[in-house]
Each structure stands twice: as C-alpha cells, then as structure tokens.
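The data block below is coords_11.csv; it holds CSV, C-alpha atoms.
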chain,number,residue,atom,x,y,z
A,991,MET,CA,21.0,141.8,96.2
A,992,VAL,CA,19.4,144.5,94.1
A,993,ASP,CA,21.1,147.8,93.6
A,994,SER,CA,20.8,150.8,91.3
A,995,PRO,CA,23.2,151.6,88.5
A,996,GLY,CA,25.8,154.3,88.7
A,997,LYS,CA,25.8,154.6,92.5
A,998,SER,CA,28.8,152.5,93.4
A,999,THR,CA,32.2,152.0,91.9
A,1000,CYS,CA,32.2,148.4,93.2
A,1001,LEU,CA,29.5,147.3,90.8
A,1002,PRO,CA,30.6,144.9,88.1
A,1003,ARG,CA,30.5,146.3,84.6
A,1004,SER,CA,27.4,145.7,82.6
A,1005,PRO,CA,27.4,142.7,80.2
A,1006,ALA,CA,25.5,144.9,77.8
A,1007,ASP,CA,28.7,147.0,77.3
A,1008,ASN,CA,31.1,144.1,77.1
A,1009,PRO,CA,32.8,144.1,73.7
A,1010,PHE,CA,33.3,140.3,73.9
A,1011,ALA,CA,29.6,139.5,74.5
A,1012,THR,CA,28.2,136.6,72.5
A,1013,ASP,CA,26.3,138.7,70.0
A,1014,GLY,CA,29.5,140.4,69.0
A,1015,ILE,CA,31.4,137.1,68.6
A,1016,ASP,CA,28.5,135.6,66.6
A,1017,SER,CA,28.5,138.5,64.2
A,1018,LEU,CA,32.2,138.2,63.3
A,1019,PRO,CA,32.8,137.5,59.7
A,1020,ALA,CA,33.9,134.1,58.3
A,1021,VAL,CA,37.5,134.4,57.2
A,1022,LEU,CA,39.2,131.9,55.0
A,1023,ILE,CA,43.0,131.6,55.2
A,1024,HIS,CA,44.9,130.6,52.1
A,1025,ALA,CA,41.7,130.3,50.0
A,1026,GLU,CA,38.9,132.3,48.4
A,1027,TRP,CA,35.2,131.6,48.6
A,1028,SER,CA,35.0,130.9,44.9
A,1029,GLN,CA,37.7,128.3,45.2
A,1030,LEU,CA,35.8,126.7,48.1
A,1031,TRP,CA,32.6,126.4,45.9
A,1032,GLU,CA,34.5,125.0,43.0
A,1033,ARG,CA,36.1,122.4,45.2
A,1034,LEU,CA,32.7,121.5,46.6
A,1035,ASP,CA,31.5,121.0,43.0
A,1036,ARG,CA,34.4,118.8,42.3
A,1037,LEU,CA,33.7,116.7,45.4
A,1038,GLY,CA,30.2,116.0,44.2
A,1039,GLY,CA,28.5,118.4,46.5
A,1040,ARG,CA,29.2,116.5,49.7
A,1041,ALA,CA,32.1,117.4,51.9
A,1042,CYS,CA,33.2,118.2,55.5
A,1043,ILE,CA,34.9,121.2,57.1
A,1044,ILE,CA,37.3,120.0,59.8
A,1045,GLY,CA,39.4,121.8,62.4
A,1046,PRO,CA,40.0,122.1,66.1
A,1047,GLU,CA,37.6,123.8,68.5
A,1048,GLY,CA,37.3,127.5,68.3
A,1049,SER,CA,38.9,127.7,64.8
A,1050,GLY,CA,35.8,128.9,62.9
A,1051,LYS,CA,34.2,125.8,61.5
A,1052,SER,CA,30.7,126.8,62.5
A,1053,THR,CA,31.2,130.4,61.3
A,1054,ILE,CA,32.4,129.2,57.8
A,1055,LEU,CA,29.5,126.7,57.7
A,1056,ARG,CA,27.0,129.5,58.4
A,1057,ALA,CA,28.6,131.7,55.8
A,1058,MET,CA,28.3,128.9,53.2
A,1059,ALA,CA,24.7,128.4,54.1
A,1060,CYS,CA,24.0,132.0,53.5
A,1061,GLN,CA,25.8,131.9,50.2
A,1062,ALA,CA,23.9,128.8,49.2
A,1063,ALA,CA,20.7,130.6,49.8
A,1064,HIS,CA,21.8,133.4,47.5
A,1065,ARG,CA,22.7,130.7,44.9
A,1066,GLY,CA,19.0,129.7,45.0
A,1067,TYR,CA,19.2,126.6,47.2
A,1068,ARG,CA,16.6,125.9,49.9
A,1069,VAL,CA,18.9,125.8,52.9
A,1070,TRP,CA,18.6,123.5,55.9
A,1071,GLN,CA,20.8,124.2,58.9
A,1072,GLY,CA,21.2,121.9,61.9
A,1073,ARG,CA,23.3,121.4,64.9
A,1074,CYS,CA,24.1,118.0,66.4
A,1075,ARG,CA,24.0,117.7,70.1
A,1076,CYS,CA,23.9,114.5,72.3
A,1077,GLY,CA,23.3,112.2,69.4
A,1078,ARG,CA,20.5,114.3,67.9
A,1079,LEU,CA,19.9,116.9,65.3
A,1080,ARG,CA,18.4,120.2,66.2
A,1081,PRO,CA,16.1,121.4,64.8
A,1082,ALA,CA,14.6,118.2,63.5
A,1083,TRP,CA,14.3,118.0,59.8
A,1084,GLY,CA,11.0,116.1,59.6
A,1085,ASN,CA,10.8,113.2,57.2
A,1086,GLY,CA,13.9,114.3,55.4
A,1087,THR,CA,12.6,114.3,51.8
A,1088,PHE,CA,15.1,116.4,50.0
A,1089,THR,CA,15.7,117.2,46.4
A,1090,ALA,CA,18.6,118.6,44.3
A,1091,ASN,CA,17.3,122.1,45.2
A,1092,ASP,CA,18.1,121.5,48.9
A,1093,ALA,CA,21.4,122.3,50.6
A,1094,LEU,CA,22.1,120.7,54.0
A,1095,PHE,CA,24.5,122.2,56.5
A,1096,LEU,CA,25.2,120.1,59.6
A,1097,ASP,CA,27.4,121.4,62.5
A,1098,SER,CA,29.3,119.0,64.8
A,1099,VAL,CA,28.4,115.7,63.2
A,1100,GLU,CA,30.8,113.9,65.5
A,1101,GLN,CA,28.0,114.3,68.1
A,1102,LEU,CA,25.5,112.3,66.1
A,1103,SER,CA,24.7,108.7,67.0
A,1104,PRO,CA,25.9,106.2,64.4
A,1105,ARG,CA,22.2,105.6,63.5
A,1106,MET,CA,21.5,109.3,63.1
A,1107,TRP,CA,24.7,109.8,61.0
A,1108,ARG,CA,23.6,107.0,58.7
A,1109,LEU,CA,20.2,108.8,58.3
A,1110,CYS,CA,21.9,112.1,57.6
A,1111,GLN,CA,24.1,110.5,54.9
A,1112,LYS,CA,20.9,109.1,53.3
A,1113,TRP,CA,19.3,112.5,53.3
A,1114,ALA,CA,22.5,114.0,51.9
A,1115,SER,CA,22.4,111.6,49.0
A,1116,CYS,CA,19.1,113.1,47.9
A,1117,ALA,CA,20.1,116.8,48.5
A,1118,GLY,CA,21.9,119.0,46.0
A,1119,LEU,CA,24.6,120.0,48.5
A,1120,ALA,CA,25.6,118.7,51.9
A,1121,VAL,CA,28.4,120.2,54.1
A,1122,VAL,CA,29.2,119.1,57.6
A,1123,THR,CA,31.7,120.1,60.3
A,1124,CYS,CA,33.6,117.9,62.6
A,1125,HIS,CA,36.8,117.9,64.5
A,1126,GLN,CA,38.4,115.0,62.8
A,1127,PRO,CA,38.1,113.6,59.2
A,1128,CYS,CA,34.8,111.7,58.7
A,1129,ALA,CA,33.5,109.5,55.9
A,1130,TRP,CA,33.3,112.5,53.6
A,1131,PRO,CA,36.1,114.3,51.7
A,1132,VAL,CA,37.6,117.3,53.3
A,1133,LEU,CA,36.5,120.6,51.8
A,1134,TYR,CA,38.4,122.9,54.1
A,1135,ARG,CA,40.6,122.7,57.2
A,1136,THR,CA,40.0,125.6,59.5
A,1137,GLU,CA,43.0,127.2,61.3
A,1138,THR,CA,43.7,130.4,63.2
A,1139,SER,CA,46.7,132.6,63.6
A,1140,PRO,CA,47.7,135.6,65.8
A,1141,ASP,CA,47.1,137.8,62.8
A,1142,LEU,CA,43.5,136.5,62.3
A,1143,LEU,CA,42.9,137.0,66.1
A,1144,ALA,CA,44.2,140.6,65.8
A,1145,ARG,CA,41.9,141.3,62.8
A,1146,LEU,CA,38.8,139.9,64.6
A,1147,PHE,CA,39.7,141.6,67.9
A,1148,GLU,CA,39.7,145.0,66.1
A,1149,LEU,CA,36.2,144.3,64.8
A,1150,LEU,CA,35.0,143.9,68.4
A,1151,ALA,CA,36.7,146.4,70.5
A,1152,GLU,CA,38.5,149.8,70.4
A,1153,PRO,CA,40.9,151.4,71.0
A,1154,VAL,CA,43.5,148.7,70.1
A,1155,ASP,CA,47.2,149.2,70.5
A,1156,ALA,CA,50.5,147.2,70.2
A,1157,ARG,CA,50.3,146.2,73.9
A,1158,LEU,CA,46.9,144.5,73.3
A,1159,HIS,CA,48.3,142.7,70.2
A,1160,ALA,CA,51.1,141.3,72.3
A,1161,ILE,CA,48.6,140.1,74.9
A,1162,ASN,CA,46.5,138.5,72.2
A,1163,CYS,CA,49.6,136.7,70.8
A,1164,ARG,CA,50.2,135.2,74.3
A,1165,LEU,CA,46.6,134.2,74.7
A,1166,TRP,CA,46.5,132.7,71.2
A,1167,HIS,CA,49.4,130.4,72.3
A,1168,LYS,CA,47.9,129.8,75.8
A,1169,TYR,CA,44.7,128.5,74.2
A,1170,SER,CA,46.4,126.7,71.3
A,1171,GLY,CA,44.6,128.9,68.7
A,1172,ASN,CA,41.1,128.4,70.1
A,1173,LEU,CA,39.7,131.9,69.5
A,1174,ARG,CA,36.5,131.1,71.4
A,1175,LEU,CA,38.5,130.6,74.6
A,1176,VAL,CA,40.6,133.7,73.9
A,1177,PHE,CA,37.5,135.9,73.6
A,1178,ARG,CA,36.0,134.2,76.7
A,1179,GLU,CA,39.0,135.3,78.7
A,1180,TRP,CA,38.7,138.8,77.3
A,1181,TYR,CA,35.1,138.8,78.3
A,1182,GLU,CA,36.1,138.0,81.9
A,1183,ARG,CA,39.0,140.4,81.9
A,1184,TRP,CA,36.7,143.2,80.7
A,1185,SER,CA,34.0,142.3,83.2
A,1186,GLU,CA,36.4,142.3,86.1
A,1187,GLY,CA,38.0,145.6,85.0
A,1188,HIS,CA,41.4,144.1,84.2
A,1189,PRO,CA,43.9,146.9,83.5
A,1190,ALA,CA,44.5,145.7,79.9
A,1191,ALA,CA,40.7,145.5,79.2
A,1192,ARG,CA,39.4,148.4,81.3
A,1193,PHE,CA,39.4,151.0,78.5
A,1194,LEU,CA,38.1,148.8,75.7
A,1195,GLN,CA,34.7,149.7,74.3
A,1196,ARG,CA,32.3,147.9,72.1
A,1197,LYS,CA,32.9,148.8,68.5
A,1198,THR,CA,29.9,150.8,67.5
A,1199,ALA,CA,30.0,150.2,63.7
A,1200,ARG,CA,30.0,146.4,63.3
B,1204,MET,CA,23.0,160.1,50.3
B,1205,ALA,CA,23.5,157.8,53.3
B,1206,ALA,CA,20.4,156.0,54.4
B,1207,GLN,CA,19.4,157.0,57.9
B,1208,ILE,CA,16.7,156.2,60.4
B,1209,VAL,CA,16.7,158.0,63.7
B,1210,VAL,CA,14.4,157.4,66.7
B,1211,HIS,CA,14.0,160.1,69.3
B,1212,LEU,CA,12.4,159.1,72.6
B,1213,GLU,CA,10.5,161.8,74.5
B,1214,ASN,CA,12.1,160.8,77.9
B,1215,ASP,CA,15.6,162.1,78.5
B,1216,PRO,CA,17.3,159.9,79.6
B,1217,PRO,CA,15.2,157.2,77.9
B,1218,HIS,CA,14.1,155.5,81.1
B,1219,TYR,CA,10.5,154.3,81.6
B,1220,GLU,CA,8.3,152.7,84.3
B,1221,PRO,CA,6.8,149.4,83.4
B,1222,GLY,CA,3.4,150.0,81.7
B,1223,ASP,CA,4.3,153.6,80.7
B,1224,VAL,CA,3.2,154.9,77.3
B,1225,MET,CA,6.4,155.7,75.4
B,1226,VAL,CA,6.3,158.5,72.9
B,1227,ALA,CA,8.7,158.1,70.0
B,1228,GLN,CA,9.5,160.2,67.0
B,1229,VAL,CA,10.7,158.2,64.0
B,1230,GLU,CA,12.6,160.1,61.3
B,1231,TRP,CA,13.9,158.7,58.1
B,1232,GLN,CA,16.0,159.9,55.2
B,1233,LEU,CA,16.4,157.2,52.6
B,1234,PRO,CA,17.7,157.1,49.0
B,1235,ALA,CA,14.2,156.0,47.8
B,1236,PRO,CA,10.7,156.1,49.3
B,1237,PRO,CA,10.2,153.0,51.5
B,1238,ASP,CA,7.1,150.8,51.0
B,1239,TYR,CA,6.6,150.9,54.7
B,1240,LEU,CA,8.5,151.0,58.0
B,1241,GLN,CA,8.2,148.4,60.6
B,1242,VAL,CA,8.5,149.5,64.3
B,1243,ALA,CA,9.2,146.7,66.7
B,1244,LEU,CA,9.2,146.8,70.5
B,1245,VAL,CA,11.8,144.2,71.6
B,1246,TRP,CA,13.8,143.0,74.5
B,1247,PHE,CA,17.0,141.0,74.1
B,1248,THR,CA,19.8,139.7,76.3
B,1249,ARG,CA,23.5,140.4,75.8
B,1250,GLY,CA,26.4,138.9,77.5
B,1251,LYS,CA,27.9,135.5,77.9
B,1252,GLY,CA,26.3,132.4,76.5
B,1253,ASN,CA,23.1,132.1,74.5
B,1254,THR,CA,21.1,135.2,73.7
B,1255,ASP,CA,17.4,135.7,73.7
B,1256,HIS,CA,15.4,138.1,71.5
B,1257,ARG,CA,11.6,138.7,71.8
B,1258,VAL,CA,9.4,140.9,69.7
B,1259,VAL,CA,6.7,142.2,72.0
B,1260,GLU,CA,4.8,144.3,69.5
B,1261,ARG,CA,5.0,145.3,65.9
B,1262,LEU,CA,3.6,148.4,64.3
B,1263,ARG,CA,3.7,149.6,60.7
B,1264,ILE,CA,4.1,153.0,59.3
B,1265,ASP,CA,2.4,152.5,56.0
B,1266,GLY,CA,2.7,154.3,52.7
B,1267,PRO,CA,2.5,156.2,50.5
B,1268,LEU,CA,5.7,157.5,52.1
B,1269,GLU,CA,8.3,160.0,51.0
B,1270,SER,CA,12.0,159.2,51.0
B,1271,ALA,CA,12.3,161.5,54.0
B,1272,GLY,CA,9.7,161.9,56.7
B,1273,SER,CA,8.8,161.5,60.3
B,1274,LYS,CA,6.1,159.9,62.4
B,1275,ARG,CA,5.2,160.3,66.0
B,1276,LEU,CA,4.1,157.1,67.8
B,1277,GLY,CA,2.7,156.3,71.2
B,1278,ILE,CA,3.6,152.8,72.4
B,1279,GLN,CA,2.2,151.1,75.4
B,1280,LEU,CA,5.0,149.3,77.3
B,1281,PRO,CA,4.3,146.0,79.0
B,1282,VAL,CA,4.9,145.5,82.7
B,1283,SER,CA,7.7,143.0,82.3
B,1284,PRO,CA,10.5,141.9,82.0
B,1285,TRP,CA,12.5,144.6,83.6
B,1286,SER,CA,15.8,145.9,82.4
B,1287,PHE,CA,18.6,144.4,84.4
B,1288,SER,CA,22.3,143.6,84.4
B,1289,GLY,CA,23.9,140.8,86.2
B,1290,ARG,CA,27.3,139.3,86.0
B,1291,LEU,CA,26.5,137.1,83.0
B,1292,ILE,CA,23.8,138.9,81.0
B,1293,SER,CA,22.0,142.1,80.6
B,1294,LEU,CA,18.3,142.3,79.5
B,1295,LEU,CA,17.8,145.3,77.3
B,1296,TRP,CA,14.8,146.9,75.8
B,1297,ALA,CA,14.8,148.7,72.4
B,1298,ILE,CA,12.7,150.1,69.6
B,1299,GLU,CA,13.8,148.7,66.3
B,1300,VAL,CA,12.8,150.4,63.1
B,1301,THR,CA,13.3,148.7,59.7
B,1302,ALA,CA,12.5,150.2,56.3
B,1303,TYR,CA,11.3,147.9,53.5
B,1304,PRO,CA,12.4,146.8,51.0
B,1305,SER,CA,15.8,148.2,51.7
B,1306,ARG,CA,16.0,146.7,55.2
B,1307,THR,CA,17.8,149.8,56.5
B,1308,ARG,CA,17.5,149.4,60.2
B,1309,THR,CA,18.2,151.2,63.5
B,1310,ARG,CA,17.9,150.2,67.1
B,1311,CYS,CA,17.2,152.6,69.9
B,1312,PRO,CA,17.7,151.2,73.4
B,1313,PHE,CA,15.9,152.3,76.5
B,1314,VAL,CA,15.5,151.2,80.1
B,1315,MET,CA,12.2,149.9,81.5
B,1316,ALA,CA,12.2,149.1,85.2
B,1317,PRO,CA,10.6,150.3,88.5
B,1318,ASN,CA,11.9,153.8,89.5
B,1319,ARG,CA,13.1,154.1,85.9
B,1320,GLU,CA,16.5,152.6,86.8
B,1321,GLU,CA,18.1,149.4,85.5
B,1322,ILE,CA,18.2,146.7,88.1
B,1323,ARG,CA,21.7,145.6,89.0
B,1324,LEU,CA,22.1,142.1,90.3
B,1325,VAL,CA,25.4,142.1,92.3
Just dump the structure as structure tokens.
Amino acid sequence: MVDSPGKSTCLPRSPADNPFATDGIDSLPAVLIHAEWSQLWERLDRLGGRACIIGPEGSGKSTILRAMACQAAHRGYRVWQGRCRCGRLRPAWGNGTFTANDALFLDSVEQLSPRMWRLCQKWASCAGLAVVTCHQPCAWPVLYRTETSPDLLARLFELLAEPVDARLHAINCRLWHKYSGNLRLVFREWYERWSEGHPAARFLQRKTAR
Amino acid sequence: MAAQIVVHLENDPPHYEPGDVMVAQVEWQLPAPPDYLQVALVWFTRGKGNTDHRVVERLRIDGPLESAGSKRLGIQLPVSPWSFSGRLISLLWAIEVTAYPSRTRTRCPFVMAPNREEIRLV
C-alpha cells in the first residue's frame, strides 16, 4: 500500500531517521581496549607483518581491520581489502602479484575454502603486510583480540543517538549481557525498537554531528 | 574561521517532481580559496542492511574562486528513482558539495517523488 508521509500516526517511522541505521553503525570509530594503535603496529612489525585479529562476532574485528587499512594507506602502502564469503574472496584480487609495498587486509578468513586460504597465504608471503580477521586462532600469530564491554557500548551509543540518560545506559547494560557482548546484535535490537516506537527509543534522534 | 558550505534550495520545503529543474544556491566560506567545488546529484539508501549510493550527475564550480563566494545552479532532475520510505530502508536524494583540495563537504537532502511527497510503503 502506498501512502503519503505525515498524514497518519500509524505509519512506521522512517528508516532515514533511525539512529541505528547501517550507515551510522558503519561510521563508528574503531576503539582499542587495553592497547594503543602505535603498540598494535609495533607488534605487527615484531610478528613479521603477518598476523590475525580474532574475536567473537560483533566485537569489532572488521572495524579495526578497516581502520588499520586506512592507517596503512597513510603509511604509504598500496592497500588491498577483501571480504571472504562462501569460500571466495570479494572483490577478487586478480593474479595476486604483490610486492613489499602492498598491504593485504582480509576479513573473515574462516569462510575461505582451504585452497583459497593457501592461495591467500602465498600472496601474503610476497606482500609487505597482511592482516586477517577470524573468529578463532588461525595459522597466523594473534595481533589483537577484540572484546567489548558495557562501557564501550555506552560510548558508541552516544555517538549514534541523543539524548542519552542513565535509564538508557541501564538498558544497554542488559542488552550487552543478553547478546553476550555482540554489539551488532545490540544495535540491531535498538534499530527495531526505534522503528516500532518502543518507549525507551521513541525520543532518540540521530546524532547530527558524527 | 570554521569551513562552511551551505546549499539553499529554491523550493521550501525542498520537494520536487521527477524531472523538475532544481535551482540551488551554493555558498561557501573556507579558510583558503578552493581550487574548485564539485556538486553531485546523488541518491542513497539508509536503514537496515547494505546501503546503496549512486552519483547521478556531477558538476564543477571552477576557479579562480575566492575563499568565500556563491554560485546559483540549475540542475535537471531525472525521473526516477522516487524518494520513499519502507520498513527496512529509505531512499533519499541529496545534493553533495565538496570543496577541493580541503574536501570540506556538505549534503543537502531533498524529496523527489510524484506530488512532491515521499512515498511511504506501509
């Protein structure tokens, strides 16, 4: 059914105004807990430039990987980013002729087929840097273990929505436990709550200055 | 001085019929004269899941430019896609203006749909 905006109070709220829409979640900053970025890069050097970031779902592995890719570009590397899905790498990296000036960043390598993973390891041996993410330790040394906390959730929540009060922090704390620290699922629930006009979410607005 | 780019659309509210000619006034106040400003007519989706972003047209405001100035533009809108909001996503139209080389940027959203009203899919 097609209707016009602003003419019925029964209309669902617009996804465009939802503080927990994907564009907002994707723009959240990468936050390291118990570490500094400089320490991460020093550790990567010590590990020979090949390492993995591990952690449970929704704990920020991909966000930290993207941040590292951006920092690698500023360090002068030619950056290659890929996501592994259903055994394959997207986007494809062609014939994979890499040099020491290339930095490879691969997300979710546990989804690669054994053959593709061997190929990626071969590529990584030619590249200057190679960092991957996975849920469990893989063949590469661990660079960083992602984790979340109610405090981190509170910080990120305040970047997405306003106004935030103590009651919302208490709800966030409960949601953090409900989803075992998976922030993606927490924000997905907030998306639904806001969309449905849940009392706790009804007055939240997208933060304008992100 | 804070860098600022502002886009004023002639229609108030900024709602247009598909195929309309949009008149926009771009005003900028920057710490240094820009080399040029790029004006992009875009649509994008926002909501749950993956997002889409398409640049429909690009225009350039070329130099020599002062650090502060303004330019009036006429932009032919396409006939689709229409602005809409469903349960999962909204499709939004906007004018995006970026100053180079500073990359100071602003986005001015508007509605483009028949009867100048966003379509609501309930």
With only C-alpha atoms as the basis for distance, which of B:Gly1277, B:Pro1236, B:Gly1289, B:Pro1284 is at the shortest distance from Asp1265 (chain B)?
B:Pro1236
If you measure from CA of His1167 (chain A) to CA of Pro1153 (chain A), what distance in Å do you get, rounded to one decimal?
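Pair CA of His1167 (chain A) / CA of Pro1153 (chain A) returns 22.7 Å.
Between CA of Pro1304 (chain B) and CA of Lys1274 (chain B) lies a distance of 18.5 Å.
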Which residue is closest to chain B? Choose from A:Gln1029, A:Lys1051, A:Lys1197, A:Trp1184 and count all atoms listed in the file.
A:Trp1184
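Selecting chain B residues within 9 Å of chain A and counting all atoms listed in the file yields Thr1248, Arg1249, Gly1250, Lys1251, Gly1252, Asn1253, Thr1254, Ser1288, Gly1289, Arg1290, Leu1291, Ile1292, Ser1293, Leu1294, Leu1295, Glu1320, Glu1321, Ile1322, Arg1323, Leu1324 and Val1325 of chain B.
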Grab the residues selected above and save them as a short mmCIF file (atom, residue, chain, number, x, y, z; two decimals), in the coordinates of the input with C-alpha atoms.
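Output saved as selection.cif:
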data_model
loop_
_atom_site.label_atom_id
_atom_site.label_comp_id
_atom_site.auth_asym_id
_atom_site.auth_seq_id
_atom_site.Cartn_x
_atom_site.Cartn_y
_atom_site.Cartn_z
CA THR B 1248 19.80 139.70 76.30
CA ARG B 1249 23.50 140.40 75.80
CA GLY B 1250 26.40 138.90 77.50
CA LYS B 1251 27.90 135.50 77.90
CA GLY B 1252 26.30 132.40 76.50
CA ASN B 1253 23.10 132.10 74.50
CA THR B 1254 21.10 135.20 73.70
CA SER B 1288 22.30 143.60 84.40
CA GLY B 1289 23.90 140.80 86.20
CA ARG B 1290 27.30 139.30 86.00
CA LEU B 1291 26.50 137.10 83.00
CA ILE B 1292 23.80 138.90 81.00
CA SER B 1293 22.00 142.10 80.60
CA LEU B 1294 18.30 142.30 79.50
CA LEU B 1295 17.80 145.30 77.30
CA GLU B 1320 16.50 152.60 86.80
CA GLU B 1321 18.10 149.40 85.50
CA ILE B 1322 18.20 146.70 88.10
CA ARG B 1323 21.70 145.60 89.00
CA LEU B 1324 22.10 142.10 90.30
CA VAL B 1325 25.40 142.10 92.30
#
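The nearest approach to Gln1279 (chain B) among the residues B:Val1209, B:Pro1234, B:Arg1261, B:Tyr1239, with only C-alpha atoms taken into account, belongs to B:Arg1261.
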Nearby residues (all atoms listed in the file) at most 12 Å from Val1245 (chain B), same-chain spacing under 5 positions excluded, as a list in words
Asp1255, His1256, Arg1257, Val1258, Val1259, Glu1260, Arg1261, Leu1262, Ile1278, Leu1280, Pro1281, Ser1283, Pro1284, Ser1286, Leu1294, Leu1295, Trp1296, Ala1297, Ile1298, Glu1299, Val1300, Arg1310, Cys1311, Pro1312, Phe1313, Val1314 and Met1315 of chain B
